[in-house]
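A short write-up of the structure that comes next.
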Amino acid sequence: MEMNAAVTFILAIISGMLVDNVLLSRFYGCCSFIGVSKKVESAVGMGIAVVFVIIFASLICWPIYNFILVPLDIAFMDTITYILVIASLVQFIAIVIKKYMPKLYNSLGIYLPLITTNCAVLGVVQANTDMEYSFALSMASAIGTSLGFLLVIVVFACIRNRLDSCAVPKCLKGTPIALITASLMSIAFLGFLGMITL
Amino acid sequence: MEIFLRVLFSIIIFVVLFVVFVVLYRINKKTKVPKGARELERNEFACSHCGHADCKYFKADKKEEK
C-alpha cells in the first residue's frame, strides 16, 4: 500500500470515529444509544455487536454492489439488498451471542434484533455506495464509524452509571438527564469539526 | 427483453438473500438460551455514592449498612 493511501486509510478511520461520529454528529442509531446505555457491560456488548455488523455488512455489500448489482444494471436494488444482508448478519450474531454469551443476550433484549433497523448500519453502507468509495476506503469508513459508535456508547454508559449516584432533581432523573448529557457530548464532539477533510 | 432480464435478476437476488435470511432466522429460533442465565447486573461491590469499586470510603459505607 502506498504511503498516501495508508495515510488516507487512517485519516478515514479517525474521521469516521471522531469528526463525523455516527451518534453525536449524524444522530443515527439514537434508539439503541439511549436504550442500551444503562449498564456498561450491555453497552460494550451492544457496541461490539454493532462493530461486527457494520464491518461485515460493508465487507459483503461492497462486492455485491460493484460486482453483481452494477454489472447487471440493477443498482436500484441496493437498499433492499443491504437490508437483507444486515438482517442476515444480525440473525447470525444473535445465534452466536445466545449460545456463548447468554447473560449478554438477556441484557440486550429487544435491542439485539433491532440492530437490523439501526440506521447507523444501513447509513454507513449506503454512504459508502453514494460516495463511490473504493473498497479500502469503504472499509476504513466502516471501521471508523463502528469504533466511533462503540466509543460513544461506552463513554455514555459510564457517565450514566455515575449519574445514578448523583443528586439529580427528581424531574430530570433517568432519560431526561441522559438526553441532556448526550446533547452536551454532542457539543463537545463539535470541537472535532473540520479537523480532517478527505 | 432488457427490462425482463433486469426484473428477473432483481427477483433472483432478492430470493437468494431472503432464503439466506430465513435459514438463519430459523436456526436462531431453534437455538435456546441456556437455563439459569440471568441479566448482567451492576457491580454490587461498587460504592453506592461514587460508583468506584476501590473507593476508600466503601468499607465504611458497607459497615454503615450492616
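Each chain in the C-alpha cells gets a letter, A, B, ..., in the order shown, and its residues are numbered from 1; ligands are numbered from 1 in order too.
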
#### Entry: Interface list for chain A, partner chain B, 10 Å threshold, only C-alpha atoms, as a ChimeraX atom specification
/A:38-42,64,68-69,72-77,80-109,158,161-167

C-alpha atoms of the current selection, written as a compact mmCIF listing (two decimals), in the first residue's frame:
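Generated file (selection-v8.txt):
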```txt
# COMPACT_ATOMS: atom_id res chain seq x y z
CA LYS A 38 -27.82 1.90 31.34
CA LYS A 39 -25.17 -0.71 32.08
CA VAL A 40 -21.57 -0.54 30.91
CA GLU A 41 -21.43 -4.30 30.21
CA SER A 42 -24.51 -4.17 27.96
CA ILE A 64 -22.35 -7.29 -4.09
CA ILE A 68 -23.33 -8.00 -9.11
CA LEU A 69 -25.76 -5.08 -8.99
CA LEU A 72 -26.45 -6.47 -14.10
CA ASP A 73 -27.74 -2.87 -14.25
CA ILE A 74 -29.92 -3.30 -11.17
CA ALA A 75 -28.21 -0.79 -8.88
CA PHE A 76 -31.67 0.39 -7.77
CA MET A 77 -31.86 -2.82 -5.71
CA ILE A 80 -33.21 -3.87 -0.38
CA THR A 81 -30.03 -5.91 -0.78
CA TYR A 82 -28.33 -4.11 2.10
CA ILE A 83 -31.33 -4.60 4.38
CA LEU A 84 -31.38 -8.34 3.70
CA VAL A 85 -27.62 -8.66 4.23
CA ILE A 86 -27.81 -6.71 7.51
CA ALA A 87 -30.82 -8.72 8.70
CA SER A 88 -29.00 -11.98 8.00
CA LEU A 89 -25.88 -10.77 9.81
CA VAL A 90 -27.93 -9.77 12.84
CA GLN A 91 -29.54 -13.21 12.96
CA PHE A 92 -26.09 -14.77 12.78
CA ILE A 93 -24.83 -12.57 15.64
CA ALA A 94 -27.92 -13.38 17.70
CA ILE A 95 -27.18 -17.10 17.34
CA VAL A 96 -23.56 -16.62 18.46
CA ILE A 97 -24.42 -14.38 21.44
CA LYS A 98 -27.32 -16.62 22.50
CA LYS A 99 -25.07 -19.66 22.52
CA TYR A 100 -21.87 -18.26 24.02
CA MET A 101 -22.94 -15.14 25.99
CA PRO A 102 -26.45 -15.84 27.33
CA LYS A 103 -26.20 -13.17 30.05
CA LEU A 104 -25.37 -10.54 27.46
CA TYR A 105 -28.19 -11.87 25.25
CA ASN A 106 -30.71 -11.38 28.06
CA SER A 107 -29.37 -7.90 28.82
CA LEU A 108 -29.54 -6.72 25.20
CA GLY A 109 -33.14 -7.93 24.92
CA CYS A 158 -20.09 5.21 32.15
CA ASN A 161 -23.58 4.99 35.76
CA ARG A 162 -22.05 7.92 37.62
CA LEU A 163 -25.24 9.94 37.21
CA ASP A 164 -27.20 7.23 39.04
CA SER A 165 -25.36 8.05 42.24
CA CYS A 166 -25.59 11.84 41.79
CA ALA A 167 -28.17 14.14 43.34
```

### Task
For atom CA of A:Leu150 and atom CA of A:Ile13, determine how far apart the two atoms are, in Å to one decimal place.
13.3 Å

### Task
Compile the contact shell of A:Leu147 as a list of chain:residue names: residues with an atom at most 12 Å away, counting only C-alpha atoms, same-chain residues fewer than 6 positions apart removed.
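Returned residues: A:Ala12, A:Ile13, A:Ile14, A:Ser15, A:Gly16, A:Met17, A:Leu18, A:Asp20, A:Asn21, A:Val22, A:Leu23, A:Val44, A:Met46, A:Gly47, A:Ile48, A:Ala49, A:Val50, A:Val51, A:Phe52, A:Val53, A:Ile54, A:Ile55, A:Ala120, A:Ala140, A:Ser141, A:Ile153, A:Val154.
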
Produce a file of the selected residues containing N, CA and C atoms, as a compact mmCIF listing (two decimals), in the first residue's frame.
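Just written: selection-v6.txt:
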```txt
# COMPACT_ATOMS: atom_id res chain seq x y z
N ALA A 12 -9.35 8.31 7.33
CA ALA A 12 -10.77 7.95 7.18
C ALA A 12 -11.30 7.30 8.45
N ILE A 13 -10.46 6.48 9.09
CA ILE A 13 -10.88 5.83 10.34
C ILE A 13 -11.09 6.89 11.44
N ILE A 14 -10.12 7.80 11.57
CA ILE A 14 -10.23 8.83 12.62
C ILE A 14 -11.41 9.75 12.33
N SER A 15 -11.58 10.07 11.06
CA SER A 15 -12.69 10.94 10.67
C SER A 15 -14.04 10.31 11.02
N GLY A 16 -14.19 9.02 10.68
CA GLY A 16 -15.45 8.32 10.98
C GLY A 16 -15.69 8.19 12.48
N MET A 17 -14.59 8.10 13.22
CA MET A 17 -14.69 7.88 14.67
C MET A 17 -15.02 9.16 15.42
N LEU A 18 -14.31 10.23 15.10
CA LEU A 18 -14.45 11.45 15.90
C LEU A 18 -15.15 12.60 15.17
N ASP A 20 -16.87 12.80 12.21
CA ASP A 20 -18.21 12.54 11.66
C ASP A 20 -18.90 11.47 12.50
N ASN A 21 -18.81 11.58 13.80
CA ASN A 21 -19.32 10.50 14.65
C ASN A 21 -20.78 10.19 14.34
N VAL A 22 -21.04 8.90 14.16
CA VAL A 22 -22.36 8.47 13.70
C VAL A 22 -23.48 8.83 14.71
N LEU A 23 -23.15 8.83 15.99
CA LEU A 23 -24.17 9.10 17.00
C LEU A 23 -24.29 10.59 17.32
N VAL A 44 -21.03 -2.25 26.15
CA VAL A 44 -19.86 -2.83 25.48
C VAL A 44 -20.32 -3.93 24.52
N MET A 46 -23.30 -4.36 23.13
CA MET A 46 -24.04 -3.77 22.00
C MET A 46 -23.07 -3.13 21.02
N GLY A 47 -22.09 -2.39 21.57
CA GLY A 47 -21.10 -1.72 20.72
C GLY A 47 -20.34 -2.72 19.87
N ILE A 48 -19.91 -3.80 20.50
CA ILE A 48 -19.13 -4.81 19.76
C ILE A 48 -20.01 -5.47 18.70
N ALA A 49 -21.28 -5.74 19.04
CA ALA A 49 -22.20 -6.33 18.06
C ALA A 49 -22.37 -5.40 16.86
N VAL A 50 -22.52 -4.09 17.13
CA VAL A 50 -22.69 -3.13 16.03
C VAL A 50 -21.41 -3.02 15.20
N VAL A 51 -20.25 -3.05 15.88
CA VAL A 51 -18.96 -3.02 15.16
C VAL A 51 -18.90 -4.19 14.18
N PHE A 52 -19.25 -5.37 14.68
CA PHE A 52 -19.21 -6.59 13.86
C PHE A 52 -20.16 -6.45 12.67
N VAL A 53 -21.39 -6.01 12.94
CA VAL A 53 -22.40 -5.93 11.87
C VAL A 53 -21.98 -4.89 10.82
N ILE A 54 -21.52 -3.71 11.26
CA ILE A 54 -21.16 -2.66 10.30
C ILE A 54 -19.98 -3.11 9.43
N ILE A 55 -18.94 -3.66 10.06
CA ILE A 55 -17.76 -4.06 9.28
C ILE A 55 -18.11 -5.18 8.30
N ALA A 120 -27.72 3.44 11.75
CA ALA A 120 -26.27 3.63 11.68
C ALA A 120 -25.66 2.61 10.72
N ALA A 140 -12.40 1.43 5.68
CA ALA A 140 -11.90 2.39 6.68
C ALA A 140 -13.06 3.16 7.28
N SER A 141 -13.99 3.57 6.42
CA SER A 141 -15.16 4.31 6.89
C SER A 141 -15.99 3.44 7.85
N ILE A 153 -20.98 5.02 22.94
CA ILE A 153 -21.98 4.31 23.75
C ILE A 153 -21.35 3.87 25.09
N VAL A 154 -20.07 3.49 25.07
CA VAL A 154 -19.42 3.06 26.32
C VAL A 154 -19.18 4.27 27.23
```

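Nearest residue to A:Asp78, choosing from A:Val125, A:Cys119, A:Ile110, A:Leu137 and counting only C-alpha atoms: A:Val125.
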
### Task
Show which residues sit within 12 Å of A:Leu179, as a PyMOL selection string. Count only C-alpha atoms, and ignore same-chain residues fewer than 5 positions away.
chain A and resi 24+30-31+33-35+37+156+159-160+172-174+184-186

Got time to write the residues from that selection, N, CA and C atoms, as a tab-separated table (two decimals), in the first residue's frame?
```tsv
chain	number	residue	atom	x	y	z
A	24	LEU	N	-23.16	11.24	17.50
A	24	LEU	CA	-23.20	12.60	18.02
A	24	LEU	C	-23.14	13.69	16.94
A	30	CYS	N	-29.86	6.44	17.46
A	30	CYS	CA	-30.06	7.01	18.81
A	30	CYS	C	-30.90	6.09	19.70
A	31	CYS	N	-31.73	5.24	19.08
A	31	CYS	CA	-32.61	4.35	19.84
A	31	CYS	C	-31.79	3.44	20.76
A	33	PHE	N	-28.69	3.77	21.42
A	33	PHE	CA	-27.78	4.63	22.19
A	33	PHE	C	-28.39	4.98	23.55
A	34	ILE	N	-29.66	5.31	23.55
A	34	ILE	CA	-30.34	5.65	24.81
A	34	ILE	C	-30.77	4.37	25.54
A	35	GLY	N	-31.25	3.39	24.76
A	35	GLY	CA	-31.83	2.18	25.36
A	35	GLY	C	-30.84	1.25	26.02
A	37	SER	N	-27.68	1.96	27.18
A	37	SER	CA	-26.53	2.60	27.84
A	37	SER	C	-26.72	2.69	29.35
A	156	PHE	N	-20.82	7.02	27.25
A	156	PHE	CA	-22.14	7.48	27.70
A	156	PHE	C	-22.68	6.57	28.82
A	159	ILE	N	-20.94	7.49	31.98
A	159	ILE	CA	-21.47	8.74	32.54
A	159	ILE	C	-22.81	8.48	33.22
A	160	ARG	N	-23.66	7.66	32.57
A	160	ARG	CA	-24.98	7.37	33.15
A	160	ARG	C	-24.85	6.60	34.46
A	172	LEU	N	-35.69	15.33	36.53
A	172	LEU	CA	-34.69	15.07	35.48
A	172	LEU	C	-34.10	13.67	35.57
A	173	LYS	N	-34.47	12.90	36.57
A	173	LYS	CA	-33.89	11.55	36.75
A	173	LYS	C	-34.21	10.65	35.56
A	174	GLY	N	-33.24	9.81	35.21
A	174	GLY	CA	-33.47	8.84	34.14
A	174	GLY	C	-33.19	9.40	32.76
A	184	LEU	N	-24.80	17.51	25.51
A	184	LEU	CA	-23.52	18.13	25.90
A	184	LEU	C	-22.35	17.40	25.24
A	185	MET	N	-22.48	16.06	25.16
A	185	MET	CA	-21.42	15.28	24.49
A	185	MET	C	-21.36	15.64	23.01
A	186	SER	N	-22.54	15.86	22.41
A	186	SER	CA	-22.61	16.22	21.00
A	186	SER	C	-21.91	17.56	20.76
```

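Atom to atom, atom CA of A:Gly45 and atom CA of A:Thr181 stand 21.4 Å apart.
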
### Message
Please extract the residues of stretch 126-183 of chain A with a backbone DSSP assignment of alpha helix (DSSP H) and present them as a PyMOL selection string.
### Response
chain A and resi 126-130+135-164+175-183

With C-alpha atoms kept, could you save the residues just selected as a PDB file, in the first residue's frame?
```pdb
ATOM      1  CA  GLN A 126     -25.432   3.378   1.882  1.00  0.00           C
ATOM      2  CA  ALA A 127     -22.962   6.250   2.311  1.00  0.00           C
ATOM      3  CA  ASN A 128     -20.140   4.032   1.021  1.00  0.00           C
ATOM      4  CA  THR A 129     -22.167   3.455  -2.144  1.00  0.00           C
ATOM      5  CA  ASP A 130     -23.313   7.057  -2.578  1.00  0.00           C
ATOM      6  CA  PHE A 135     -13.114  -0.984  -1.168  1.00  0.00           C
ATOM      7  CA  ALA A 136     -10.299   0.127   1.165  1.00  0.00           C
ATOM      8  CA  LEU A 137     -11.908   3.480   1.859  1.00  0.00           C
ATOM      9  CA  SER A 138     -15.320   1.941   2.495  1.00  0.00           C
ATOM     10  CA  MET A 139     -13.715  -0.498   4.967  1.00  0.00           C
ATOM     11  CA  ALA A 140     -11.905   2.391   6.676  1.00  0.00           C
ATOM     12  CA  SER A 141     -15.162   4.312   6.894  1.00  0.00           C
ATOM     13  CA  ALA A 142     -16.922   1.241   8.332  1.00  0.00           C
ATOM     14  CA  ILE A 143     -14.179   0.590  10.912  1.00  0.00           C
ATOM     15  CA  GLY A 144     -14.039   4.248  11.946  1.00  0.00           C
ATOM     16  CA  THR A 145     -17.783   4.699  12.189  1.00  0.00           C
ATOM     17  CA  SER A 146     -18.338   1.492  14.138  1.00  0.00           C
ATOM     18  CA  LEU A 147     -15.490   2.247  16.556  1.00  0.00           C
ATOM     19  CA  GLY A 148     -16.985   5.720  16.989  1.00  0.00           C
ATOM     20  CA  PHE A 149     -20.308   4.091  17.921  1.00  0.00           C
ATOM     21  CA  LEU A 150     -18.579   1.781  20.415  1.00  0.00           C
ATOM     22  CA  LEU A 151     -16.570   4.638  21.941  1.00  0.00           C
ATOM     23  CA  VAL A 152     -19.538   6.936  22.423  1.00  0.00           C
ATOM     24  CA  ILE A 153     -21.979   4.311  23.750  1.00  0.00           C
ATOM     25  CA  VAL A 154     -19.416   3.061  26.320  1.00  0.00           C
ATOM     26  CA  VAL A 155     -18.456   6.583  27.465  1.00  0.00           C
ATOM     27  CA  PHE A 156     -22.138   7.476  27.702  1.00  0.00           C
ATOM     28  CA  ALA A 157     -22.904   4.322  29.722  1.00  0.00           C
ATOM     29  CA  CYS A 158     -20.087   5.214  32.151  1.00  0.00           C
ATOM     30  CA  ILE A 159     -21.466   8.742  32.537  1.00  0.00           C
ATOM     31  CA  ARG A 160     -24.983   7.369  33.154  1.00  0.00           C
ATOM     32  CA  ASN A 161     -23.582   4.991  35.757  1.00  0.00           C
ATOM     33  CA  ARG A 162     -22.055   7.920  37.617  1.00  0.00           C
ATOM     34  CA  LEU A 163     -25.240   9.937  37.207  1.00  0.00           C
ATOM     35  CA  ASP A 164     -27.198   7.232  39.045  1.00  0.00           C
ATOM     36  CA  THR A 175     -33.944   9.620  30.462  1.00  0.00           C
ATOM     37  CA  PRO A 176     -34.169  13.471  30.677  1.00  0.00           C
ATOM     38  CA  ILE A 177     -30.720  13.846  32.261  1.00  0.00           C
ATOM     39  CA  ALA A 178     -29.405  11.221  29.811  1.00  0.00           C
ATOM     40  CA  LEU A 179     -30.658  13.315  26.877  1.00  0.00           C
ATOM     41  CA  ILE A 180     -29.098  16.483  28.339  1.00  0.00           C
ATOM     42  CA  THR A 181     -25.807  14.592  28.785  1.00  0.00           C
ATOM     43  CA  ALA A 182     -25.991  13.322  25.182  1.00  0.00           C
ATOM     44  CA  SER A 183     -26.527  16.865  23.888  1.00  0.00           C
TER      45      SER A 183
END
```
